[in-house]
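Here's the structure we're looking at; comments come further down.
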Amino acid sequence: MTTRYRQLIGVILGLFIKSGFANAATVPVAATDVARDWDSLYWFLFYVSLFFFVGIVAAMILFAVKYRKQVHKKSAYIHGHVGLEILWTVIPTILVFWIFGWGWVVYKDMVHAPSNAMEINVVGKQWMWQFVYKNGTSTIGDLYVPVNKPVKLVMSSEDVIHSMFIPNFRVKEDVVPGMYTSIWFEAKMPGIHQIFCTEYCGTSHSGMLGRVVVLTAEQWKDWQSGKKIDVDSLPADPTYPGYRANRLGEGLPAEAGQAPHQLSLAEKGKALISAKGCVACHTSDGTKLVGPSYKGIFGKEEKMSDGKVVTVDENYIRESIENPQAKIVAGFPPSMPTYKGLVNEEELAAIIEYIKSLK
Ligand code: CUA
């Protein structure tokens, strides 16, 4: 059964019972302390609502039967009951103030980052997430963070309003052009956690996915010193195991991530342009998105925005990946970020080979 169906059934079941199954299917895995606090409050509200729903409906049915219209019978005149009135005023008042106080405490924890939080800058753009770390490195699609350390995301957008949502951490905030917003979290579970964009931002909004890659202290050290982390070998997202860092990744053959040596160079290039987020702006079928399509582009003479004509060869593709602003094809915006340092020589060769294969 797919996760989606399991979730749907879970929602229906969750209305009646709170079993481990319904719990797991209705709310994502809680991967932070804030998420756990959030869930406690959520289930408290759920059961208070369920209690009153059942109680009120039962009383309504009972009274409807008991006091239904009967011949020659006049109902008694009721004066009121002071004790009862105090009771149904005081109990709900205590209850709503309790809920307010509880919500306030959790909300405060959720919005106020600890002062020692590690800051990472986030740039949202159609249709990808870019993460810039203090040491100057940057990644696209994958956000690398250490486990058990508070992390604060300082976010802005290059174009329209996006929204950063990490369900397993229960944090969500709009990412707005011209200003900074922020969220924070302290991940407790190493492995992958899905990121969604939850503000409609154009054609590929639904494909604007990302992953939080939570590393152990040791892996974090390795990553910071420049060592490559095999992300696919890390624990999969327990809530969204099938998701990848981008929309076309979902359609990849299952073995693409596991056994790259068995793929041809062009196939590897295809997997790469998906994994690196290139597919957010470039298609392989001739469709025009933010950037030119790869189809039939190799060997073609293209007119640039400064009027010069350039032949698309290996060096032009390399330059366009490492220094995208150098030569912009006429009719396209100069909006691509540099991938210098994010694509190694072997990967470059694979991508070029894949573009060559698209006749
Ligand atoms: Cu970005 Cu929706």
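Just so we're on the same page: first chain in the structure tokens is A, next is B, and so on; residues restart at 1 for each chain, and ligands are numbered from 1 in the order they show up.
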Skip A:His282 itself and residues of its chain fewer than 4 positions away, then list as a PyMOL selection string all residues within 6 Å of it, counting only C-alpha atoms. chain A and resi 291-293
Backbone-only DSSP, helix (DSSP H, G or I) members of stretch 134-358 of chain A, as a PyMOL selection string: chain A and resi 167-169+205-207+217-224+231-233+248-251+254-256+260-262+265-275+278-280+314-322+345-357
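Distances to ligand 1 were evaluated for A:Gly286, A:Gly80, A:Pro190, A:Gly207 using only C-alpha atoms and all ligand atoms, and the minimum falls at A:Gly207.
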Selection: 7 Å around stretch 224-241 of chain A, only C-alpha atoms, excl. self and same-chain fewer than 3 positions, as a PyMOL selection string: chain A and resi 28-29+191-194+220-221+257
Cut-off 6 Å: closest chain A/ligand 1 atom pairs per residue, using only C-alpha atoms and all ligand atoms, as JSON lines:
```
{"residue": "A:Trp127", "atom": "CA", "partner": "ligand 1", "partner_atom_place_in_ligand_line": "1 (Cu)", "distance": 5.7}
{"residue": "A:His162", "atom": "CA", "partner": "ligand 1", "partner_atom_place_in_ligand_line": "1 (Cu)", "distance": 4.1}
{"residue": "A:Cys197", "atom": "CA", "partner": "ligand 1", "partner_atom_place_in_ligand_line": "2 (Cu)", "distance": 4.5}
{"residue": "A:Thr198", "atom": "CA", "partner": "ligand 1", "partner_atom_place_in_ligand_line": "2 (Cu)", "distance": 5.4}
{"residue": "A:Glu199", "atom": "CA", "partner": "ligand 1", "partner_atom_place_in_ligand_line": "2 (Cu)", "distance": 4.4}
{"residue": "A:Tyr200", "atom": "CA", "partner": "ligand 1", "partner_atom_place_in_ligand_line": "2 (Cu)", "distance": 4.2}
{"residue": "A:Cys201", "atom": "CA", "partner": "ligand 1", "partner_atom_place_in_ligand_line": "2 (Cu)", "distance": 4.0}
{"residue": "A:His205", "atom": "CA", "partner": "ligand 1", "partner_atom_place_in_ligand_line": "2 (Cu)", "distance": 3.9}
{"residue": "A:Met208", "atom": "CA", "partner": "ligand 1", "partner_atom_place_in_ligand_line": "1 (Cu)", "distance": 5.6}
```
9 Å contact set for A:Pro114, only C-alpha atoms, chain neighbours under 3 positions out, as a list in words: Asp109, Ala117, Pro150, Val151, Lys152 and Trp184 of chain A
Which of stretch 117-298 of chain A end up as strand (DSSP E or B) when DSSP is run on this backbone - answer as a ChimeraX atom specification? /A:118-125,128-132,138-140,142-146,150-157,162-166,171-175,177,181-186,191-197,210-215
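If only C-alpha atoms are the atoms counted, then among A:Ala59, A:Glu267, A:Tyr354, A:Thr139 the closest residue to A:Thr338 is A:Thr139.
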Write out as a tab-separated table (two decimals) with all heavy atoms, in the first residue's frame each polymer residue whose atoms come within 9 Å of A:Val106, counting only C-alpha atoms; drop sequence neighbours fewer than 5 positions from it.
```tsv
chain	number	residue	atom	x	y	z
A	34	VAL	N	10.70	19.87	19.90
A	34	VAL	CA	9.57	20.76	19.64
A	34	VAL	C	8.45	19.97	18.94
A	34	VAL	O	7.27	20.13	19.27
A	34	VAL	CB	10.00	21.98	18.79
A	34	VAL	CG1	8.80	22.73	18.25
A	34	VAL	CG2	10.88	22.91	19.61
A	37	ASP	N	6.60	17.98	21.56
A	37	ASP	CA	5.73	18.85	22.36
A	37	ASP	C	4.47	19.21	21.57
A	37	ASP	O	3.36	19.23	22.10
A	37	ASP	CB	6.46	20.16	22.73
A	37	ASP	CG	7.63	19.89	23.66
A	37	ASP	OD1	7.69	18.77	24.21
A	37	ASP	OD2	8.47	20.78	23.80
A	38	TRP	N	4.70	19.51	20.31
A	38	TRP	CA	3.63	19.87	19.38
A	38	TRP	C	2.60	18.75	19.31
A	38	TRP	O	1.41	18.97	19.38
A	38	TRP	CB	4.28	19.99	18.00
A	38	TRP	CG	3.94	21.20	17.23
A	38	TRP	CD1	4.70	22.32	17.12
A	38	TRP	CD2	2.77	21.39	16.43
A	38	TRP	NE1	4.06	23.20	16.29
A	38	TRP	CE2	2.88	22.66	15.86
A	38	TRP	CE3	1.65	20.62	16.15
A	38	TRP	CZ2	1.92	23.19	15.03
A	38	TRP	CZ3	0.69	21.14	15.32
A	38	TRP	CH2	0.83	22.42	14.77
A	41	LEU	N	0.41	18.33	22.42
A	41	LEU	CA	-0.65	19.33	22.43
A	41	LEU	C	-1.74	18.97	21.41
A	41	LEU	O	-2.94	19.06	21.70
A	41	LEU	CB	-0.06	20.71	22.12
A	41	LEU	CG	-1.04	21.89	22.03
A	41	LEU	CD1	-1.84	22.04	23.31
A	41	LEU	CD2	-0.29	23.18	21.74
A	101	GLY	N	-2.14	28.38	27.63
A	101	GLY	CA	-0.82	28.39	28.26
A	101	GLY	C	0.11	27.36	27.63
A	101	GLY	O	1.26	27.66	27.32
A	111	VAL	N	9.58	29.28	18.14
A	111	VAL	CA	10.03	30.46	17.38
A	111	VAL	C	11.33	31.07	17.87
A	111	VAL	O	12.02	31.75	17.11
A	111	VAL	CB	8.94	31.56	17.29
A	111	VAL	CG1	7.74	31.06	16.52
A	111	VAL	CG2	8.55	32.07	18.65
```
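Our summary of the geometry notes that atom CA of A:Val122 is positioned 5.9 Å from atom CA of A:Val154.
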So that I can check the surroundings of A:Lys340, please list as a PyMOL selection string every protein, DNA and RNA residue that reaches within 8 Å of it, counting only C-alpha atoms and ignoring chain neighbours fewer than 4 positions away. chain A and resi 321-323
